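Next comes entry30.cif, with mmCIF, C-alpha atoms.
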data_final
loop_
_atom_site.label_atom_id
_atom_site.label_comp_id
_atom_site.auth_asym_id
_atom_site.auth_seq_id
_atom_site.Cartn_x
_atom_site.Cartn_y
_atom_site.Cartn_z
CA MET N 82 102.67 -36.35 18.91
CA LYS N 83 104.88 -34.04 16.89
CA LEU N 84 102.74 -31.46 15.14
CA GLN N 85 105.09 -28.98 13.49
CA PRO N 86 108.50 -29.78 11.96
CA ASP N 87 109.92 -26.28 12.15
CA ARG N 88 109.09 -22.97 13.71
CA ILE N 89 107.21 -20.55 11.49
CA GLU N 90 109.35 -17.40 11.54
CA GLY N 91 107.78 -14.75 13.77
CA VAL N 92 104.71 -16.87 14.58
CA ASN N 93 104.16 -19.05 17.62
CA ALA N 94 103.72 -22.70 16.64
CA ILE N 95 102.74 -25.65 18.77
CA PHE N 96 105.55 -28.10 18.12
CA SER N 97 104.28 -31.19 19.93
CA THR N 98 101.57 -32.26 22.30
CA THR N 99 100.69 -35.03 24.71
CA PRO N 100 97.48 -35.38 26.73
CA ASP N 101 99.04 -33.38 29.58
CA ALA N 102 101.54 -31.00 27.95
CA VAL N 103 102.29 -28.88 24.90
CA SER N 104 105.60 -27.62 23.54
CA VAL N 105 105.60 -24.26 21.81
CA ASN N 106 108.16 -23.27 19.15
CA ASN N 107 110.95 -25.52 17.94
CA GLN N 108 113.83 -24.04 19.89
CA VAL N 109 116.71 -25.50 21.87
CA GLY N 110 115.32 -26.69 25.19
CA LEU N 111 111.67 -26.92 24.20
CA GLN N 112 109.42 -25.15 26.64
CA GLN N 113 106.76 -27.55 27.80
CA TRP N 114 103.54 -26.25 29.26
CA ARG N 115 101.92 -28.67 31.70
CA SER N 116 99.28 -26.25 32.91
CA SER N 117 96.75 -24.10 31.09
CA VAL N 118 98.37 -21.83 28.54
CA ILE N 119 97.57 -19.03 26.09
CA VAL N 120 99.33 -19.28 22.74
CA PRO N 121 98.83 -16.11 20.68
CA PHE N 122 99.61 -15.91 16.97
CA LYS N 123 102.45 -13.53 17.81
CA GLY N 124 103.90 -12.44 21.12
CA GLU N 125 104.63 -14.04 24.43
CA VAL N 126 103.15 -17.41 25.35
CA LEU N 127 101.69 -17.14 28.86
CA ALA N 128 100.24 -19.31 31.58
CA TRP N 129 96.44 -19.09 31.68
CA ALA N 130 95.03 -18.52 35.16
CA CYS N 131 92.21 -21.07 34.89
CA THR N 132 93.03 -24.71 35.51
CA ARG N 133 89.69 -26.54 35.34
CA PHE N 134 86.76 -26.26 32.97
CA GLU N 135 84.38 -25.98 35.91
CA ASP N 136 86.24 -22.91 37.19
CA LEU N 137 86.19 -20.87 33.96
CA ARG N 138 85.04 -17.28 34.40
CA ARG N 139 84.11 -14.53 31.99
CA GLU N 140 87.30 -12.69 32.99
CA ASP N 141 89.39 -15.63 31.72
CA PHE N 142 88.05 -15.05 28.22
CA ASP N 143 87.90 -11.25 28.49
CA ALA N 144 91.69 -11.32 29.04
CA LEU N 145 92.13 -12.66 25.49
CA MET N 146 90.89 -9.37 24.02
CA VAL N 147 94.38 -7.87 24.48
CA TYR N 148 95.59 -10.03 21.56
CA GLN N 149 92.98 -8.59 19.19
CA PRO N 150 92.30 -12.00 17.65
CA GLU N 151 89.92 -12.76 14.84
CA LEU N 152 89.41 -16.23 16.30
CA VAL N 153 89.94 -17.97 19.65
CA ILE N 154 90.51 -21.72 19.65
CA PHE N 155 89.49 -23.07 23.07
CA GLY N 156 90.98 -26.44 24.03
CA SER N 157 88.76 -27.85 26.76
CA GLY N 158 91.05 -30.64 27.94
CA SER N 159 90.86 -34.35 27.13
CA LYS N 160 87.26 -34.16 25.90
CA ILE N 161 85.29 -31.55 24.04
CA ARG N 162 83.22 -29.22 26.18
CA PHE N 163 81.38 -26.15 25.04
CA VAL N 164 81.70 -22.86 26.89
CA HIS N 165 78.47 -21.18 27.99
CA PRO N 166 77.84 -18.06 25.84
CA SER N 167 77.76 -15.85 28.95
CA LEU N 168 81.47 -16.59 29.50
CA ILE N 169 82.46 -15.46 26.01
CA ARG N 170 79.99 -12.57 25.67
CA THR N 171 82.76 -9.96 25.31
CA LEU N 172 84.31 -11.94 22.45
CA ILE N 173 80.94 -12.47 20.77
CA ASP N 174 80.07 -8.78 21.04
CA ALA N 175 83.43 -7.90 19.45
CA ARG N 176 82.63 -10.31 16.58
CA ILE N 177 85.53 -12.60 17.51
CA GLY N 178 84.89 -16.23 16.68
CA VAL N 179 85.27 -18.89 19.36
CA GLU N 180 85.70 -22.56 18.50
CA CYS N 181 85.60 -25.23 21.20
CA MET N 182 87.35 -28.58 20.83
CA ASP N 183 89.47 -30.95 22.86
CA THR N 184 92.98 -29.65 23.49
CA LEU N 185 94.75 -31.97 21.03
CA ALA N 186 92.42 -30.91 18.21
CA ALA N 187 92.78 -27.28 19.27
CA CYS N 188 96.57 -27.52 18.92
CA ARG N 189 96.31 -28.91 15.39
CA THR N 190 93.71 -26.34 14.36
CA TYR N 191 95.72 -23.47 15.85
CA ASN N 192 98.80 -24.47 13.80
CA VAL N 193 96.85 -24.58 10.55
CA LEU N 194 95.35 -21.14 11.14
CA ALA N 195 98.63 -19.61 12.36
CA SER N 196 100.42 -20.93 9.27
CA GLU N 197 97.86 -19.01 7.20
CA ASN N 198 98.82 -15.80 9.05
CA ARG N 199 95.45 -15.63 10.81
CA ARG N 200 95.20 -13.65 14.06
CA VAL N 201 94.39 -16.66 16.18
CA VAL N 202 94.80 -17.36 19.89
CA ALA N 203 94.78 -20.82 21.45
CA ALA N 204 93.47 -20.94 25.01
CA LEU N 205 94.31 -24.44 26.23
CA LEU N 206 93.32 -26.37 29.32
CA MET N 207 95.52 -29.39 30.07
CA GLY N 208 94.16 -32.75 31.14
#
Go ahead and express the file in the form of structure tokens.
Amino acid sequence: MKLQPDRIEGVNAIFSTTPDAVSVNNQVGLQQWRSSVIVPFKGEVLAWACTRFEDLRREDFDALMVYQPELVIFGSGSKIRFVHPSLIRTLIDARIGVECMDTLAACRTYNVLASENRRVVAALLMG
């Protein structure tokens, strides 16, 4: 599903998504991510070390603090799963919002917030 017609200048945008991959930024030779990925509002898009919901650790979410987001959109894969508060305690204590949804919904939500110039980070599990 194509989500974004054009790249928002200076902001990472999720261009398209399928159940097992996302493409970030509308550039020649779209970069497809088929494994877990972190998409920050601005900056480099990076692979996310965790691959399965069951293997999530507090450190996986603590690593998102470097982006200084106001909100983290967590895509939990093909179905919605909620992260235990102990895993996101650092984010909660820093008053950073965390929203959990399936990965396809997370991609759409991320694009809306990024287009509003919000400091948002998408942390996406594939599959």
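Nearest residue to Phe163 in chain N, choosing from N:Glu90, N:Glu151, N:Glu140, N:Asp183 and counting only C-alpha atoms: N:Asp183.
One distance worth recording is that between CA of Phe122 in chain N and CA of Asn93 in chain N, which is 5.6 Å.
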Selected residue of minimal separation from Phe96 in chain N among N:Arg176, N:Arg189, N:Arg115, N:Arg162, counting only C-alpha atoms = N:Arg189
List the residues selected by the PyMOL selection byres ((chain N and resi 180) around 8) in the file shown, writing them as JSON, numbers by chain.
-> {"N": [152, 153, 154, 155, 178, 179, 181, 182]}
Could you check which of N:Arg133, N:Gly91, N:Ala175, N:Arg139 is closest to Asn198 in chain N, using all atoms listed in the file?
-> N:Gly91
Could you list the residues chosen by the PyMOL selection byres ((chain N and resi 101) around 9) in this structure as a ChimeraX atom specification?
-> /N:98-100,102-103,114-116,158-159,207-208
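Atom pair CA of Tyr191 in chain N / CA of Val147 in chain N: separated by 17.9 Å.
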CA of Ser167 in chain N to CA of Phe134 in chain N measures 14.3 Å
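Distance check against Asp136 in chain N using all atoms listed in the file: of N:Leu185, N:Pro121, N:Asp174, N:Leu206, the minimum falls on N:Leu206.
Using only C-alpha atoms, the nearest neighbour of Val202 in chain N within the list N:Cys188, N:Ala130, N:Leu137, N:Leu168 is N:Cys188.
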With only C-alpha atoms as the atoms that count, which of N:Thr184, N:Ser97, N:Gln113, N:Thr190 lies nearest to Leu127 in chain N?
-> N:Gln113
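Look at everything within 6 Å of (97.6, -17.8, 28.1) using all atoms listed in the file, and the residues you get are Val118, Ile119, Val120, Leu127, Ala128 and Trp129 of chain N.
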